[in-house]
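Engineer: Input structure: structure37.pdb, which contains PDB, C-alpha atoms, pLDDT in the B column.
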ATOM      1  CA  MET U   1      20.536  40.848 -39.406  1.00 92.00           C
ATOM      2  CA  THR U   2      18.556  37.658 -40.014  1.00 96.00           C
ATOM      3  CA  PRO U   3      15.445  36.686 -38.027  1.00 97.00           C
ATOM      4  CA  LEU U   4      17.374  33.809 -36.426  1.00 97.00           C
ATOM      5  CA  GLU U   5      20.124  36.150 -35.250  1.00 97.00           C
ATOM      6  CA  LEU U   6      17.567  38.607 -33.873  1.00 98.00           C
ATOM      7  CA  ILE U   7      15.628  35.870 -32.080  1.00 98.00           C
ATOM      8  CA  GLU U   8      18.737  34.596 -30.310  1.00 96.00           C
ATOM      9  CA  LEU U   9      19.790  38.135 -29.387  1.00 97.00           C
ATOM     10  CA  SER U  10      16.374  38.844 -27.889  1.00 97.00           C
ATOM     11  CA  ILE U  11      16.268  35.532 -26.010  1.00 97.00           C
ATOM     12  CA  ARG U  12      19.606  36.341 -24.413  1.00 97.00           C
ATOM     13  CA  LEU U  13      18.116  39.535 -22.985  1.00 96.00           C
ATOM     14  CA  GLU U  14      15.880  37.380 -20.786  1.00 94.00           C
ATOM     15  CA  TYR U  15      17.690  34.067 -20.321  1.00 97.00           C
ATOM     16  CA  SER U  16      21.024  32.364 -20.531  1.00 96.00           C
ATOM     17  CA  LEU U  17      21.276  29.156 -22.540  1.00 97.00           C
ATOM     18  CA  ASP U  18      22.890  25.988 -21.230  1.00 96.00           C
ATOM     19  CA  GLN U  19      25.069  23.704 -23.355  1.00 95.00           C
ATOM     20  CA  GLY U  20      21.967  22.014 -24.767  1.00 95.00           C
ATOM     21  CA  GLY U  21      20.404  25.348 -25.788  1.00 96.00           C
ATOM     22  CA  LEU U  22      17.829  25.213 -22.963  1.00 98.00           C
ATOM     23  CA  LEU U  23      16.598  28.334 -21.195  1.00 98.00           C
ATOM     24  CA  VAL U  24      18.061  29.180 -17.805  1.00 97.00           C
ATOM     25  CA  PRO U  25      16.319  32.175 -16.166  1.00 96.00           C
ATOM     26  CA  PHE U  26      18.521  34.847 -14.694  1.00 95.00           C
ATOM     27  CA  THR U  27      18.634  34.938 -10.908  1.00 91.00           C
ATOM     28  CA  GLY U  28      15.644  36.887  -9.594  1.00 88.00           C
ATOM     29  CA  SER U  29      14.106  37.301 -13.052  1.00 90.00           C
ATOM     30  CA  THR U  30      10.342  37.278 -13.528  1.00 90.00           C
ATOM     31  CA  GLU U  31      10.889  35.704 -16.965  1.00 92.00           C
ATOM     32  CA  GLN U  32      10.193  32.027 -16.300  1.00 94.00           C
ATOM     33  CA  ALA U  33       8.707  30.665 -19.534  1.00 97.00           C
ATOM     34  CA  ARG U  34       8.927  26.899 -19.928  1.00 98.00           C
ATOM     35  CA  PHE U  35       8.214  26.895 -23.661  1.00 98.00           C
ATOM     36  CA  ILE U  36       8.770  29.689 -26.172  1.00 98.00           C
ATOM     37  CA  ILE U  37       8.155  29.454 -29.892  1.00 98.00           C
ATOM     38  CA  TYR U  38       8.863  32.033 -32.581  1.00 98.00           C
ATOM     39  CA  ARG U  39       7.420  32.082 -36.091  1.00 98.00           C
ATOM     40  CA  HIS U  40       9.506  33.946 -38.668  1.00 97.00           C
ATOM     41  CA  ALA U  41       9.728  34.142 -42.445  1.00 95.00           C
ATOM     42  CA  GLY U  42      11.863  31.005 -42.624  1.00 95.00           C
ATOM     43  CA  GLY U  43       9.974  28.781 -40.197  1.00 96.00           C
ATOM     44  CA  TYR U  44       9.903  28.254 -36.434  1.00 98.00           C
ATOM     45  CA  VAL U  45      12.344  28.373 -33.523  1.00 97.00           C
ATOM     46  CA  THR U  46      11.549  26.684 -30.193  1.00 98.00           C
ATOM     47  CA  TYR U  47      13.069  26.962 -26.731  1.00 98.00           C
ATOM     48  CA  PHE U  48      12.389  24.971 -23.563  1.00 98.00           C
ATOM     49  CA  ARG U  49      13.319  25.791 -19.995  1.00 98.00           C
ATOM     50  CA  HIS U  50      16.084  23.588 -18.664  1.00 98.00           C
ATOM     51  CA  ASP U  51      13.943  21.925 -15.986  1.00 97.00           C
ATOM     52  CA  LEU U  52      11.015  20.929 -18.227  1.00 98.00           C
ATOM     53  CA  PRO U  53      11.083  17.110 -18.431  1.00 98.00           C
ATOM     54  CA  GLU U  54      12.416  15.822 -21.726  1.00 97.00           C
ATOM     55  CA  PHE U  55       9.387  13.643 -22.410  1.00 98.00           C
ATOM     56  CA  ILE U  56       7.144  16.734 -22.318  1.00 98.00           C
ATOM     57  CA  GLN U  57       9.490  18.557 -24.672  1.00 98.00           C
ATOM     58  CA  GLU U  58       9.279  15.595 -27.058  1.00 98.00           C
ATOM     59  CA  GLN U  59       5.470  15.569 -26.950  1.00 98.00           C
ATOM     60  CA  ILE U  60       5.326  19.286 -27.757  1.00 98.00           C
ATOM     61  CA  LEU U  61       7.844  18.901 -30.581  1.00 97.00           C
ATOM     62  CA  ALA U  62       5.744  16.073 -32.028  1.00 97.00           C
ATOM     63  CA  LEU U  63       2.913  18.551 -32.648  1.00 97.00           C
ATOM     64  CA  PRO U  64       2.743  20.737 -35.762  1.00 96.00           C
ATOM     65  CA  ARG U  65       4.698  23.888 -34.912  1.00 93.00           C
ATOM     66  CA  GLY U  66       1.841  26.242 -35.736  1.00 94.00           C
ATOM     67  CA  GLN U  67      -0.394  24.532 -33.186  1.00 96.00           C
ATOM     68  CA  ALA U  68       1.319  26.417 -30.378  1.00 96.00           C
ATOM     69  CA  PHE U  69      -0.075  29.649 -31.852  1.00 96.00           C
ATOM     70  CA  ASP U  70      -3.646  28.432 -32.345  1.00 93.00           C
ATOM     71  CA  ASP U  71      -4.282  25.665 -29.813  1.00 96.00           C
ATOM     72  CA  HIS U  72      -3.143  26.912 -26.434  1.00 97.00           C
ATOM     73  CA  GLU U  73      -5.172  24.355 -24.485  1.00 97.00           C
ATOM     74  CA  THR U  74      -3.212  21.407 -25.860  1.00 97.00           C
ATOM     75  CA  ILE U  75       0.122  23.005 -24.922  1.00 98.00           C
ATOM     76  CA  LYS U  76      -1.213  23.912 -21.476  1.00 97.00           C
ATOM     77  CA  ARG U  77      -2.365  20.327 -20.888  1.00 97.00           C
ATOM     78  CA  LEU U  78       1.080  18.995 -21.744  1.00 98.00           C
ATOM     79  CA  LEU U  79       2.837  21.549 -19.555  1.00 98.00           C
ATOM     80  CA  ALA U  80       0.421  20.773 -16.703  1.00 98.00           C
ATOM     81  CA  ILE U  81       2.006  17.335 -16.386  1.00 97.00           C
ATOM     82  CA  HIS U  82       4.977  19.262 -15.001  1.00 97.00           C
ATOM     83  CA  ALA U  83       3.143  22.213 -13.398  1.00 96.00           C
ATOM     84  CA  PRO U  84       0.090  24.378 -14.196  1.00 96.00           C
ATOM     85  CA  CYS U  85       0.581  26.954 -16.938  1.00 96.00           C
ATOM     86  CA  ARG U  86       0.304  30.328 -15.215  1.00 93.00           C
ATOM     87  CA  ASP U  87       0.331  32.673 -18.176  1.00 95.00           C
ATOM     88  CA  ILE U  88       0.683  32.915 -21.951  1.00 97.00           C
ATOM     89  CA  TRP U  89       2.299  35.857 -23.745  1.00 97.00           C
ATOM     90  CA  ILE U  90       1.465  36.281 -27.431  1.00 97.00           C
ATOM     91  CA  GLY U  91       2.867  39.083 -29.503  1.00 97.00           C
ATOM     92  CA  GLY U  92       5.152  40.519 -32.136  1.00 98.00           C
ATOM     93  CA  SER U  93       8.877  41.173 -31.933  1.00 98.00           C
ATOM     94  CA  CYS U  94      10.354  44.127 -33.824  1.00 98.00           C
ATOM     95  CA  TRP U  95      13.660  45.899 -34.211  1.00 98.00           C
ATOM     96  CA  PHE U  96      14.942  49.250 -35.404  1.00 98.00           C
ATOM     97  CA  ALA U  97      16.592  48.382 -38.716  1.00 97.00           C
ATOM     98  CA  SER U  98      17.609  52.020 -39.220  1.00 96.00           C
ATOM     99  CA  ILE U  99      18.496  54.754 -36.773  1.00 96.00           C
ATOM    100  CA  PRO U 100      15.832  57.443 -36.198  1.00 96.00           C
ATOM    101  CA  ALA U 101      16.682  60.936 -37.401  1.00 94.00           C
ATOM    102  CA  GLN U 102      17.575  63.626 -34.883  1.00 91.00           C
ATOM    103  CA  GLY U 103      14.517  65.623 -35.990  1.00 93.00           C
ATOM    104  CA  ASP U 104      12.127  62.811 -35.107  1.00 94.00           C
ATOM    105  CA  PHE U 105      11.904  63.793 -31.438  1.00 96.00           C
ATOM    106  CA  PRO U 106      11.951  67.599 -31.029  1.00 96.00           C
ATOM    107  CA  ASP U 107      10.214  67.542 -27.638  1.00 95.00           C
ATOM    108  CA  ALA U 108      12.090  64.639 -25.999  1.00 97.00           C
ATOM    109  CA  ALA U 109      14.932  65.054 -23.538  1.00 96.00           C
ATOM    110  CA  LEU U 110      17.111  62.679 -21.565  1.00 96.00           C
ATOM    111  CA  ASP U 111      16.148  62.623 -17.881  1.00 94.00           C
ATOM    112  CA  GLU U 112      18.434  60.336 -15.900  1.00 90.00           C
ATOM    113  CA  ASN U 113      17.992  56.902 -17.541  1.00 92.00           C
ATOM    114  CA  ARG U 114      14.903  57.583 -19.615  1.00 96.00           C
ATOM    115  CA  TRP U 115      13.793  59.788 -22.478  1.00 98.00           C
ATOM    116  CA  VAL U 116      10.848  61.969 -21.531  1.00 98.00           C
ATOM    117  CA  ILE U 117       8.521  64.673 -22.742  1.00 97.00           C
ATOM    118  CA  LYS U 118       7.418  67.116 -20.077  1.00 96.00           C
ATOM    119  CA  ILE U 119       4.570  69.598 -20.085  1.00 95.00           C
ATOM    120  CA  ASN U 120       4.674  72.283 -17.403  1.00 92.00           C
ATOM    121  CA  GLY U 121       7.447  70.325 -15.717  1.00 91.00           C
ATOM    122  CA  GLU U 122       5.466  67.079 -15.543  1.00 94.00           C
ATOM    123  CA  ALA U 123       6.490  63.967 -17.474  1.00 95.00           C
ATOM    124  CA  VAL U 124       3.685  62.896 -19.816  1.00 96.00           C
ATOM    125  CA  ALA U 125       5.527  60.276 -21.877  1.00 97.00           C
ATOM    126  CA  TRP U 126       8.703  58.309 -21.284  1.00 97.00           C
ATOM    127  CA  ALA U 127      10.765  55.490 -22.769  1.00 98.00           C
ATOM    128  CA  TRP U 128      13.373  53.437 -20.949  1.00 98.00           C
ATOM    129  CA  MET U 129      15.365  50.228 -21.114  1.00 96.00           C
ATOM    130  CA  VAL U 130      13.346  47.318 -19.778  1.00 95.00           C
ATOM    131  CA  ARG U 131      16.167  44.798 -20.305  1.00 95.00           C
ATOM    132  CA  GLY U 132      19.543  44.843 -21.950  1.00 95.00           C
ATOM    133  CA  ASN U 133      23.117  43.645 -22.282  1.00 96.00           C
ATOM    134  CA  ASP U 134      26.223  44.766 -24.157  1.00 96.00           C
ATOM    135  CA  LEU U 135      24.772  43.761 -27.535  1.00 97.00           C
ATOM    136  CA  ALA U 136      21.080  44.628 -27.395  1.00 98.00           C
ATOM    137  CA  VAL U 137      18.421  46.510 -25.446  1.00 98.00           C
ATOM    138  CA  GLU U 138      14.624  46.396 -25.349  1.00 98.00           C
ATOM    139  CA  VAL U 139      12.452  49.442 -24.801  1.00 98.00           C
ATOM    140  CA  ALA U 140       9.408  50.045 -22.628  1.00 97.00           C
ATOM    141  CA  VAL U 141       7.282  53.103 -23.303  1.00 97.00           C
ATOM    142  CA  GLU U 142       4.413  54.730 -21.468  1.00 96.00           C
ATOM    143  CA  THR U 143       2.240  57.770 -22.123  1.00 96.00           C
ATOM    144  CA  LYS U 144      -0.279  59.238 -19.706  1.00 95.00           C
ATOM    145  CA  PRO U 145      -3.791  58.500 -21.009  1.00 93.00           C
ATOM    146  CA  GLU U 146      -4.762  62.134 -21.443  1.00 93.00           C
ATOM    147  CA  PHE U 147      -1.722  62.719 -23.693  1.00 93.00           C
ATOM    148  CA  GLN U 148      -2.075  59.682 -25.924  1.00 90.00           C
ATOM    149  CA  ARG U 149      -2.480  60.196 -29.684  1.00 88.00           C
ATOM    150  CA  TRP U 150      -0.289  63.297 -29.536  1.00 93.00           C
ATOM    151  CA  GLY U 151       2.746  61.471 -30.965  1.00 94.00           C
ATOM    152  CA  PHE U 152       4.644  61.717 -27.699  1.00 97.00           C
ATOM    153  CA  GLY U 153       5.159  57.958 -27.385  1.00 96.00           C
ATOM    154  CA  ARG U 154       6.651  57.918 -30.850  1.00 97.00           C
ATOM    155  CA  GLN U 155       9.039  60.735 -30.003  1.00 97.00           C
ATOM    156  CA  VAL U 156      10.422  59.279 -26.777  1.00 98.00           C
ATOM    157  CA  THR U 157      10.807  55.834 -28.346  1.00 98.00           C
ATOM    158  CA  ALA U 158      12.657  57.272 -31.338  1.00 98.00           C
ATOM    159  CA  ALA U 159      14.928  59.272 -29.029  1.00 98.00           C
ATOM    160  CA  TRP U 160      15.626  56.177 -26.942  1.00 98.00           C
ATOM    161  CA  ALA U 161      16.433  54.110 -30.039  1.00 98.00           C
ATOM    162  CA  ARG U 162      18.792  56.720 -31.482  1.00 97.00           C
ATOM    163  CA  ASP U 163      20.613  56.861 -28.146  1.00 96.00           C
ATOM    164  CA  VAL U 164      20.914  53.066 -27.955  1.00 96.00           C
ATOM    165  CA  MET U 165      21.965  52.632 -31.582  1.00 97.00           C
ATOM    166  CA  SER U 166      24.626  55.327 -31.256  1.00 96.00           C
ATOM    167  CA  ARG U 167      26.316  52.864 -28.859  1.00 95.00           C
ATOM    168  CA  GLU U 168      26.081  50.145 -31.545  1.00 96.00           C
ATOM    169  CA  GLN U 169      23.490  48.122 -29.637  1.00 97.00           C
ATOM    170  CA  VAL U 170      20.489  46.511 -31.322  1.00 98.00           C
ATOM    171  CA  ALA U 171      17.228  48.218 -30.311  1.00 98.00           C
ATOM    172  CA  PHE U 172      14.242  45.910 -29.781  1.00 98.00           C
ATOM    173  CA  TYR U 173      10.537  46.632 -29.391  1.00 98.00           C
ATOM    174  CA  SER U 174       7.815  44.065 -28.696  1.00 97.00           C
ATOM    175  CA  TYR U 175       4.059  44.272 -28.314  1.00 97.00           C
ATOM    176  CA  HIS U 176       1.247  42.093 -27.005  1.00 95.00           C
ATOM    177  CA  HIS U 177      -1.085  40.830 -29.725  1.00 94.00           C
ATOM    178  CA  ASP U 178      -4.150  42.587 -28.292  1.00 92.00           C
ATOM    179  CA  ASN U 179      -2.439  45.966 -27.715  1.00 93.00           C
ATOM    180  CA  ALA U 180      -3.532  47.896 -30.791  1.00 92.00           C
ATOM    181  CA  ALA U 181      -1.899  51.127 -29.603  1.00 91.00           C
ATOM    182  CA  SER U 182       1.485  49.446 -29.206  1.00 94.00           C
ATOM    183  CA  GLN U 183       1.198  47.880 -32.663  1.00 95.00           C
ATOM    184  CA  ALA U 184       0.296  51.274 -34.128  1.00 94.00           C
ATOM    185  CA  LEU U 185       3.341  52.827 -32.459  1.00 95.00           C
ATOM    186  CA  ALA U 186       5.600  50.176 -33.983  1.00 96.00           C
ATOM    187  CA  LYS U 187       4.120  50.891 -37.411  1.00 95.00           C
ATOM    188  CA  SER U 188       4.499  54.649 -37.028  1.00 94.00           C
ATOM    189  CA  LEU U 189       8.184  54.197 -36.169  1.00 96.00           C
ATOM    190  CA  GLY U 190       8.752  52.061 -39.247  1.00 95.00           C
ATOM    191  CA  LEU U 191       9.941  49.105 -37.189  1.00 97.00           C
ATOM    192  CA  VAL U 192      10.642  45.766 -38.837  1.00 97.00           C
ATOM    193  CA  LYS U 193       8.837  42.773 -37.358  1.00 97.00           C
ATOM    194  CA  TYR U 194      11.148  39.782 -37.430  1.00 98.00           C
ATOM    195  CA  ALA U 195       8.921  37.251 -35.621  1.00 98.00           C
ATOM    196  CA  ASP U 196       5.694  36.469 -33.856  1.00 98.00           C
ATOM    197  CA  GLY U 197       6.054  34.636 -30.583  1.00 98.00           C
ATOM    198  CA  VAL U 198       4.232  32.720 -27.879  1.00 98.00           C
ATOM    199  CA  ALA U 199       5.680  32.127 -24.406  1.00 98.00           C
ATOM    200  CA  TYR U 200       4.092  29.687 -21.983  1.00 98.00           C
ATOM    201  CA  ASP U 201       5.011  30.052 -18.303  1.00 96.00           C
TER
END
When written as structure tokens, how does the structure in this file appear?
Structural biologist:
Amino acid sequence: MTPLELIELSIRLEYSLDQGGLLVPFTGSTEQARFIIYRHAGGYVTYFRHDLPEFIQEQILALPRGQAFDDHETIKRLLAIHAPCRDIWIGGSCWFASIPAQGDFPDAALDENRWVIKINGEAVAWAWMVRGNDLAVEVAVETKPEFQRWGFGRQVTAAWARDVMSREQVAFYSYHHDNAASQALAKSLGLVKYADGVAYD
């Protein structure tokens, strides 16, 4: 799949798009970004929320695309004309380009809707679907602090991905730019990063 195809698939996990390609948050969703920009090997892709005034969209689009990654204050000032910017998410977006092998997760087991590793009956690491639709799913993974660096996060994430991909869904994984452990997990799983992104609420 191309980066552009993956970006649109991932966007549609969090928003619907109106006829003009503007973001419409799902009812009750906490995902409320007003401006999202992705940087991929071929350039940039931008999205605006449907209720952001057009003149603000035009002012943002008049800036060099890379500025949204390096100059957050300028974007925040423009968005503040509409409403204060509450949060900024910066990170990498990855996908499983190949299905993990069955032997990659010897200790993981399916427990209801999540893949877990248990020690003495207690879950110490688990991976589950954080959002999804018929075409794609994104994972969330957590490991108890005292069991980190044991490879358990890698196992449950691999098990989750194999399960998802066996249903012919695309498996996504994203990480925040300052979460070194999450980035290391993506690398250990051999994930392919298709874009960097910034989302401004």
Engineer: Compare U:Phe105, U:Trp126, U:Tyr175, U:Phe35 by their minimum atom-to-atom distance to U:Ile75, counting all atoms listed in the file, and give me the closest one.
Structural biologist: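 Using all atoms listed in the file, the shortest distance to U:Ile75 belongs to U:Phe35.
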Engineer: To verify the selection step, state as JSON, numbers by chain which residues the PyMOL selection byres ((chain U and resi 32) around 12) yields on this input.
Structural biologist: {"U": [11, 14, 15, 16, 23, 24, 25, 26, 27, 28, 29, 30, 31, 33, 34, 35, 36, 47, 48, 49, 50, 51, 52, 85, 86, 87, 88, 89, 199, 200, 201]}
Engineer: Limited to C-alpha atoms, could you put the picked residues into a file as a PDB file, in the coordinates of the input?
Structural biologist:
ATOM      1  CA  ILE U  11      16.268  35.532 -26.010  1.00 97.00           C
ATOM      2  CA  GLU U  14      15.880  37.380 -20.786  1.00 94.00           C
ATOM      3  CA  TYR U  15      17.690  34.067 -20.321  1.00 97.00           C
ATOM      4  CA  SER U  16      21.024  32.364 -20.531  1.00 96.00           C
ATOM      5  CA  LEU U  23      16.598  28.334 -21.195  1.00 98.00           C
ATOM      6  CA  VAL U  24      18.061  29.180 -17.805  1.00 97.00           C
ATOM      7  CA  PRO U  25      16.319  32.175 -16.166  1.00 96.00           C
ATOM      8  CA  PHE U  26      18.521  34.847 -14.694  1.00 95.00           C
ATOM      9  CA  THR U  27      18.634  34.938 -10.908  1.00 91.00           C
ATOM     10  CA  GLY U  28      15.644  36.887  -9.594  1.00 88.00           C
ATOM     11  CA  SER U  29      14.106  37.301 -13.052  1.00 90.00           C
ATOM     12  CA  THR U  30      10.342  37.278 -13.528  1.00 90.00           C
ATOM     13  CA  GLU U  31      10.889  35.704 -16.965  1.00 92.00           C
ATOM     14  CA  ALA U  33       8.707  30.665 -19.534  1.00 97.00           C
ATOM     15  CA  ARG U  34       8.927  26.899 -19.928  1.00 98.00           C
ATOM     16  CA  PHE U  35       8.214  26.895 -23.661  1.00 98.00           C
ATOM     17  CA  ILE U  36       8.770  29.689 -26.172  1.00 98.00           C
ATOM     18  CA  TYR U  47      13.069  26.962 -26.731  1.00 98.00           C
ATOM     19  CA  PHE U  48      12.389  24.971 -23.563  1.00 98.00           C
ATOM     20  CA  ARG U  49      13.319  25.791 -19.995  1.00 98.00           C
ATOM     21  CA  HIS U  50      16.084  23.588 -18.664  1.00 98.00           C
ATOM     22  CA  ASP U  51      13.943  21.925 -15.986  1.00 97.00           C
ATOM     23  CA  LEU U  52      11.015  20.929 -18.227  1.00 98.00           C
ATOM     24  CA  CYS U  85       0.581  26.954 -16.938  1.00 96.00           C
ATOM     25  CA  ARG U  86       0.304  30.328 -15.215  1.00 93.00           C
ATOM     26  CA  ASP U  87       0.331  32.673 -18.176  1.00 95.00           C
ATOM     27  CA  ILE U  88       0.683  32.915 -21.951  1.00 97.00           C
ATOM     28  CA  TRP U  89       2.299  35.857 -23.745  1.00 97.00           C
ATOM     29  CA  ALA U 199       5.680  32.127 -24.406  1.00 98.00           C
ATOM     30  CA  TYR U 200       4.092  29.687 -21.983  1.00 98.00           C
ATOM     31  CA  ASP U 201       5.011  30.052 -18.303  1.00 96.00           C
TER      32      ASP U 201
END
Engineer: Measuring between only C-alpha atoms, which one of U:Gly91, U:Pro3, U:Gly190, U:Pro100 shows the shortest distance to U:Tyr44?
Structural biologist: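 Distance minimum relative to U:Tyr44 lands on U:Pro3.
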Engineer: Evaluate the PyMOL selection byres ((chain U and resi 134) around 10) and record the selected residues as a PyMOL selection string, following the chain and residue labels used in the document.
Structural biologist: chain U and resi 13+132-133+135-137+167-170
Engineer: Now that the selection is made, can you save its residues with C-alpha atoms as a JSON list (two decimals), keeping the file's coordinate frame?
Structural biologist:
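Resulting contents of result-v2.json:
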[["chain", "number", "residue", "atom", "x", "y", "z"],
["U", 13, "LEU", "CA", 18.12, 39.53, -22.98],
["U", 132, "GLY", "CA", 19.54, 44.84, -21.95],
["U", 133, "ASN", "CA", 23.12, 43.64, -22.28],
["U", 135, "LEU", "CA", 24.77, 43.76, -27.54],
["U", 136, "ALA", "CA", 21.08, 44.63, -27.40],
["U", 137, "VAL", "CA", 18.42, 46.51, -25.45],
["U", 167, "ARG", "CA", 26.32, 52.86, -28.86],
["U", 168, "GLU", "CA", 26.08, 50.14, -31.54],
["U", 169, "GLN", "CA", 23.49, 48.12, -29.64],
["U", 170, "VAL", "CA", 20.49, 46.51, -31.32]]
Engineer: Could you expand the PyMOL selection byres ((chain U and resi 102) around 9) into the explicit residues it covers here, written as a list of chain:residue names?
Structural biologist: U:Pro100, U:Ala101, U:Gly103, U:Asp104, U:Phe105, U:Pro106, U:Ala158, U:Ala159, U:Arg162
Engineer: Which residue out of U:Ala171, U:Cys94, U:His40, U:Arg149 has the minimum interatomic distance to U:Met129 when all atoms listed in the file are used?
Structural biologist: U:Ala171
Engineer: If you count all atoms listed in the file, which residues fall within 9 Å of U:Gly66, apart from same-chain ones fewer than 3 positions away, as a PyMOL selection string?
Structural biologist: chain U and resi 39+44+63+69-71
Engineer: Using all atoms listed in the file, find the one residue out of U:Ala41, U:Met165, U:Leu4, U:Thr157 that sits nearest to U:Ser98.
Structural biologist: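 With all atoms listed in the file as the atom set, the closest residue is U:Met165.
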Engineer: By how many Å are atom CA of U:Val192 and atom CA of U:Asp107 apart?
Structural biologist: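 Answer for the atom CA of U:Val192 to atom CA of U:Asp107 separation: 24.5 Å.
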Engineer: Between U:Thr2, U:Ser174, U:Phe55, U:Gln19, which residue has the minimum interatomic distance to U:Asp196, considering all atoms listed in the file?
Structural biologist: U:Ser174
